[in-house]
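S.K.: The structure follows.
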Amino acid sequence: MKYVKPAIALVSLLVTLSIWGFIAVYRAGYEPNVLQTAIIAIILISGVYAFMVHMRRYRDEQQGFPPEDELSNRIKYKAGYYAFIASMYVWMLIFLFKAFIPDAETMLGGGILLSAFISIAIRNYMTRNYDENQN
Amino acid sequence: MKTRIKELRTARGMTQVDLAKEVGVRRETIVFLEKGKYNPSLQLAHKIASTFDMAIEDVFLL
């Protein structure tokens, strides 16, 4: 797969820019609240996870393994389905508790990031514990 | 699905990595196949059986 190296470069660039952005915001004197700090943490975790995934794919490619195969594709589709269902419930909860969220931007941004985080967590769990006879 | 992959692989002195490269999948796929947690496609089952010079039904047991 030819996309692995550019993907690593892109993810590295985005993570670095995000970290610089956060440092710049802190230095400018802005202090984010708990919710915004959680959002920043999710962005960083997602970025680092994406970087690790692409590094693993690159290593596999160097060793002669395919980055994706039929099992990893099946896990991806099933994890996507479960993540979609979980995200629906999360969005419902977000709307129920919207009184505690300061503004619409934080709500939308946080919700999207939380959905991404759920997707990562479910896929990671299924990669380790996949059992076709039980799922 | 039960398989004889581990038994056949070790009898031929192959590692999971060797078999994975031979049939063109990731090593994790061989791990899950050996544990009986993944039912392979007909194409993959055929490739694995061909690697061992056996029929599919002699490698994969229902």
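Residue numbering restarts at 1 in every chain; chains get A, B, ... in the order shown in the structure tokens, and ligands count up from 1 in that same order.
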Might you pull out every residue within 12 Å of B:Lys2, with only C-alpha atoms counted and same-chain residues fewer than 4 positions away left off, and present them as a list in words?
M.R.: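 My list of contacting residues is Asn133 of chain A; Lys6, Glu7, Phe32, Leu33, Glu34, Lys35, Gly36, Lys37, Tyr38, Asn39, Pro40, Glu57, Asp58, Val59, Phe60, Leu61 and Leu62 of chain B.
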S.K.: For the residues selected in the previous step, produce a file with C-alpha atoms as an mmCIF file, in the first residue's frame.
M.R.:
```
data_model
loop_
_atom_site.group_PDB
_atom_site.id
_atom_site.type_symbol
_atom_site.label_atom_id
_atom_site.label_comp_id
_atom_site.auth_asym_id
_atom_site.auth_seq_id
_atom_site.Cartn_x
_atom_site.Cartn_y
_atom_site.Cartn_z
ATOM 1 C CA ASN A 133 -19.095 -17.510 17.026
ATOM 2 C CA LYS B 6 -1.902 -25.519 14.160
ATOM 3 C CA GLU B 7 -1.313 -29.282 14.021
ATOM 4 C CA PHE B 32 -7.764 -16.257 15.257
ATOM 5 C CA LEU B 33 -8.153 -19.153 12.798
ATOM 6 C CA GLU B 34 -6.168 -21.489 15.026
ATOM 7 C CA LYS B 35 -8.247 -20.484 18.044
ATOM 8 C CA GLY B 36 -11.403 -21.228 16.059
ATOM 9 C CA LYS B 37 -12.640 -17.656 16.491
ATOM 10 C CA TYR B 38 -12.786 -16.808 12.813
ATOM 11 C CA ASN B 39 -14.498 -18.591 9.942
ATOM 12 C CA PRO B 40 -12.424 -17.876 6.819
ATOM 13 C CA GLU B 57 -12.685 -30.538 4.667
ATOM 14 C CA ASP B 58 -9.543 -32.193 6.075
ATOM 15 C CA VAL B 59 -8.257 -28.878 7.441
ATOM 16 C CA PHE B 60 -11.493 -27.238 8.594
ATOM 17 C CA LEU B 61 -13.847 -29.321 10.719
ATOM 18 C CA LEU B 62 -17.474 -28.438 11.353
#
```
S.K.: Should the cut-off be 6 Å, what would the residue list for chain A against chain B look like, counting only C-alpha atoms, as a list in words?
M.R.: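 Matching residues, ligands excluded from the count: Phe65, Asp69, Asp131 and Glu132 of chain A.
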S.K.: Can you list, as number ranges by chain, all residues belonging to chain B that DSSP tags as strand (DSSP E or B)?
M.R.: B: 2-3, 60-61
S.K.: If we count only C-alpha atoms, what is near A:Asn124 at a cut-off of 12 Å, once residues fewer than 3 positions away on the same chain are taken out, given as a PyMOL selection string?
M.R.: chain A and resi 49-50+53+72+75-76+78-80+83+117-121+127-130
S.K.: Write down as a VMD selection string the residues of chain A whose backbone DSSP state falls under helix (DSSP H, G or I).
M.R.: chain A and resid 4 to 27 34 to 63 70 to 96 98 to 100 104 to 129
S.K.: As a list of chain:residue names, please: the residues near A:Met107 (cut-off 8 Å, only C-alpha atoms, same-chain neighbours under 6 positions excluded).
M.R.: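 Once the nearby chain positions are removed, what remains is A:Ile94, A:Lys98, A:Ile101.
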S.K.: Could you tell me how far atom CA of A:Met52 lies from atom CA of A:Arg27, in Å and to one decimal?
M.R.: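 So the answer is 28.7 Å.
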S.K.: Rounded to one decimal, what separation in Å do you get between atom CA of A:Glu105 and atom CA of A:Leu14?
M.R.: 20.8 Å
S.K.: Would you kindly return, as a list in words, each protein, DNA or RNA residue with an atom no farther than 9 Å from any atom of stretch 39-45 of chain A, considering only C-alpha atoms and excluding same-chain residues fewer than 5 positions away?
M.R.: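 Listed by chain and then number, they are Val15, Ser18, Ile19, Phe22, Val34, Ala50, Thr106, Gly109, Gly110, Leu113, Leu114, Ala116 and Phe117 of chain A.
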S.K.: Atom CA of A:Ser87 to atom CA of A:Ile112: how many Å, to one decimal?
M.R.: 8.9 Å
S.K.: Return the single residue from A:Ile23, A:Met55, A:Ile8, A:Glu70 that is closest to B:Leu42, with distances computed using only C-alpha atoms.
M.R.: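 Checking each of A:Ile23, A:Met55, A:Ile8, A:Glu70 against B:Leu42, counting only C-alpha atoms, the winner is A:Glu70.
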S.K.: Might you pull out every residue within 9 Å of B:Ile48, with only C-alpha atoms counted and same-chain residues fewer than 3 positions away left off, and present them as a PyMOL selection string?
M.R.: chain B and resi 5+19+22-23+43-45+51-54+56+59
